[in-house]
Amino acid sequence: MSIRLGELAVRFGCELRGDPDTEVDRVATLSQAGAGAIAFLANSAYRRYLSSTNASAVLVTPDDAGECAAAAVVCANPYLVYAKVAAELHPSRPLSPGIHPGASVQDPESVPASCEIGPGAYVASGVRLGEGVSVGANVTVSTGAVVGDHSVLMPGVTVLEQVRIGARCILHSGVVVGSDGFGNARDDAGQWHKVPQIGGVVIGDDVEIGANTTIDRGAIGDTQIADGVRLDNLIQVGHNCVIGAHTAIAAMSGLSGSTIIGARCRIGGSVGFAGHIEIADDVVITGGSAVTHSIKKAGLYGGPAASADDARRWRRNAVRYTQLDEMAKRLRRLEKQLESAGSDD
Amino acid sequence: MSIRLGELAVRFGCELRGDPDTEVDRVATLSQAGAGAIAFLANSAYRRYLSSTNASAVLVTPDDAGECAAAAVVCANPYLVYAKVAAELHPSRPLSPGIHPGASVQDPESVPASCEIGPGAYVASGVRLGEGVSVGANVTVSTGAVVGDHSVLMPGVTVLEQVRIGARCILHSGVVVGSDGFGNARDDAGQWHKVPQIGGVVIGDDVEIGANTTIDRGAIGDTQIADGVRLDNLIQVGHNCVIGAHTAIAAMSGLSGSTIIGARCRIGGSVGFAGHIEIADDVVITGGSAVTHSIKKAGLYGGPAASADDARRWRRNAVRYTQLDEMAKRLRRLEKQLESAGSDD
Amino acid sequence: MSIRLGELAVRFGCELRGDPDTEVDRVATLSQAGAGAIAFLANSAYRRYLSSTNASAVLVTPDDAGECAAAAVVCANPYLVYAKVAAELHPSRPLSPGIHPGASVQDPESVPASCEIGPGAYVASGVRLGEGVSVGANVTVSTGAVVGDHSVLMPGVTVLEQVRIGARCILHSGVVVGSDGFGNARDDAGQWHKVPQIGGVVIGDDVEIGANTTIDRGAIGDTQIADGVRLDNLIQVGHNCVIGAHTAIAAMSGLSGSTIIGARCRIGGSVGFAGHIEIADDVVITGGSAVTHSIKKAGLYGGPAASADDARRWRRNAVRYTQLDEMAKRLRRLEKQLESAGSDD
């Protein structure tokens, strides 16, 4: 698979500064690219490689195009065009449709011929798979689950009963969808009684879920993940959470039960959300934050135990934190000064 | 499955304010319930729905009963009664006893006829399963493991060698019990030598363990989880930890090796415990806390890096944290004031 | 299996204070050891058991040898010698070479006869396994993966395409290696476009990886884990991270993409690393820290949101944190005092 730069520029709406007949057949980083590779510059930390790269072409913004040692493919959002070019030059492995003899499929007639069911996979009765679904090795799809067209369940995924997954989703290995939420009622003796978790999970289209992430079913009603959501690895989504369309959450973040997150939010890694709170659309939260109250307005937020503290203020406080011991000593010094001043009277 | 309110009130020791012949056949939330559903009020945030609910009945405390638009089923602990009613109206799927042809069972004669062994499951030799055990699809139960009566291993669980699990436990998908603890000895060159982990894991009765949680075997001696413990998803329990009866721990918390936690503790999400410490019975720890020292007395604790700081004091400090930059400026102002006062002399 | 103390002392370079003909056949803790057991003292918290232990022998430093109630096996690093003695007295279960009939192996001729392939395991075509590799039950090894001699993939591990694992590695249950990194390009409408993750993962020799840990493949180029690295449970390693030789990381820590960590580092649990930073060799980071900037010098570091703050200073600040509310009140008192002093003028 290769593509001429002239064609590439036309197809992706870029301006080409270079030979349209040059061909590229793979992507590479600026520093490691050789002839035939196309690179990109999206992070200014790597600009220093632009003038010396051996790439055949580089995706750049107009501002950076001048410095480029290779053919410049100029566009407003090089990373976005890179994503599309990389998908073209490095297509996913095509499916091998069919049911592997090592799979256990309760109702093989219900599986479209376009689906691939891997060895060790289990597809229970009453499951509905769309066209071109990939069920990887050692995946479990439980009774009543629905998986939309062209979705991919990577090896080792577990989809539990009554979970509905949209089209073109990717669930990475070790993902669990539809585990029981953490519902326990306490009696007078301090013992726990399980609260049945009778809701489901509804996942929209074009959702990607990272390895070993867990998504609990609703206690009553469904846990909901809207179209285009991106969840990284080792994330916990509690029962009855709602995550709005195109929101992205980085690894190791955790949503307590009934957290509602708006659309197009960007949440850093290791962010913890208290339960029963609501985050507006277009909220950005820095990694490591603890969000204990609702956030009602779009914007940048962050900080440990700092609910909805705005991020600039939080950063100033964080700097002061590293001066705390010194501040305490200065405070003590002032107190002594005033005491002795007082004793002069 | 449905139940008359009159019967329900008698069976669960409630006072009924409404028609005893009304039947309910499902549970629902106050705001979404329709005819035939029974709801509950346990969180004051939802009280506003009480006067307008379309539920046929609501479980409420005596204080809330007056406002209820539906038949009021009055009791001291509505959430607890709800748990029991929901379990009755929404029973778990009954087992389909037998060994699926897609399972690998080393010693089929040792498996009670009342057990269900799913496709892709592996039950090694020397495993002892109680009556009515459910071994889900793609579960692994290794040599010498013991699983008590009516326990459920959901799809994708891994139970390793010499792990003993009590009766009526539920292990959710992706749980790993009996992985090696993190034991490494360092030589003079800074290289690690594995310390064999030769202990086991002992889990009591009525324990529930959330998806993708990991419980390491002891280094020497056993990791122990007592009766009635509830662990949420993505929790780490290090080697030789001991968790007392009826303690509940929310998602993403982590126990370093040899942490000992008492009975009936309630631990929030994302709490980290340093190793070799001991937490008393009936301790409550707020989410996101770091517990670096032992806690010797029942009570409410919390705060990052605040070992055993009591939670009210911690909250006041947390508020001050958001004012740190301002405090630093005020301190500087005072210092200047005193300097100039001093230079007047 | 048992060993005479005389032989043990010679083989491990220890001085023996006791009868060389005494035999030990197992390891135990100081407090629980009985006749025939060898214990060790490496943590001063357990020194109180030294004079009353019922062990037949104890591994101790010269300083502690005098107090020992049992035969003293004296050495500079008792924990290291313990690791070796325990490995000798409690050897791992020997492999049962062969392919279990419940496994799915695409190309059985390519599997060395010395390998053990468990039930439910899937080994794809184009996989290269070394001698004596153990592929546990329900493990998936995808196309093009390489696993070196005597490495162990515990039950439920997932090794994805083009992942290369060295010799004598141990991957614990639930580990995922080679999941896609979190690469998403955002368009003007705020929608995400997947950035293909076309790199691999390269893992050196003698690496141990804890249960349910996830290691993403590189976006371009490889994620790299060098020889002798130790990763605990539930760790996230983002795309293109590099972890230097003999570095150990405790549970629940997370490395954002392109984090580079040097050799022989020791990282506590729940430490978060921002992406695109570089940590020098021989850095030690306390548990719960957030590392947001590069660390250029060996040493001890720690603290939440305290990038590269040295750990002693951080601890002092942490103590002050617990006094913040009181400090704020003292500051207010000083301000009032100066105001009233001012109004006297």
# chains A, B, ... in the order shown; residues from 1 in each chain; ligands from 1
>>> closest_atom_pairs(of="chain A", to="chain B", cutoff="6 Å", atoms="only C-alpha atoms", output="CSV")
residue,atom,partner,partner_atom,distance
A:Gly120,CA,B:Gly120,CA,5.8
A:Phe182,CA,B:Asp232,CA,5.9
A:Ala185,CA,B:Leu80,CA,4.9
A:Gln191,CA,B:His246,CA,5.6
A:Val195,CA,B:Ala83,CA,4.4
A:Pro196,CA,B:Ala87,CA,5.8
A:Asn317,CA,B:Asp325,CA,5.0
A:Arg320,CA,B:Asp325,CA,5.9
>>> residues_around(residues="region 53-70 of chain C", least_positions_apart="5", cutoff="12 Å", atoms="only C-alpha atoms", output="NGL selection string")
:C and (3-6 or 8-9 or 12-44 or 46-48 or 75-86)
>>> atom_distance(atom1="CA of Gly200 (chain B)", atom2="CA of Glu161 (chain B)")
7.8 Å
>>> select_by_dssp(residues="region 9-212 of chain B", states="helix (DSSP H, G or I)", output="list in words")
Ala9, Val10, Arg11, Phe12, Ser44, Ala45, Tyr46, Arg47, Arg48, Tyr49, Pro62, Asp63, Asp64, Ala65, Pro78, Tyr79, Leu80, Val81, Tyr82, Ala83, Lys84, Val85, Ala86, Ala87, Glu88, Leu89, Pro108, Glu109 and Ser110 of chain B
>>> atom_distance(atom1="CA of Asp205 (chain A)", atom2="CA of Val159 (chain A)")
15.9 Å
>>> select_by_dssp(residues="region 1-198 of chain A", states="strand (DSSP E)", output="MDAnalysis selection string")
chainID A and resid 3:4 15:17 23:24 26:27 37:40 57:60 71:74 98:99 104:105 116:117 122:123 128:129 134:135 140:141 146:147 152:153 158:159 163:165 170:171 176:179 184:186 192:194
>>> closest_residue(among="C:Val105, C:Ala280, C:Val175, C:Ala124", to="Ile295 (chain C)", atoms="only C-alpha atoms")
C:Ala280
>>> residues_around(residues="Ala145 (chain A)", least_positions_apart="5", cutoff="7 Å", atoms="only C-alpha atoms", output="list in words")
Val127, Arg128, Leu160, Glu161, Gln162, Val163 and Arg164 of chain A
>>> atom_distance(atom1="CA of Thr158 (chain C)", atom2="CA of Thr223 (chain A)")
27.0 Å
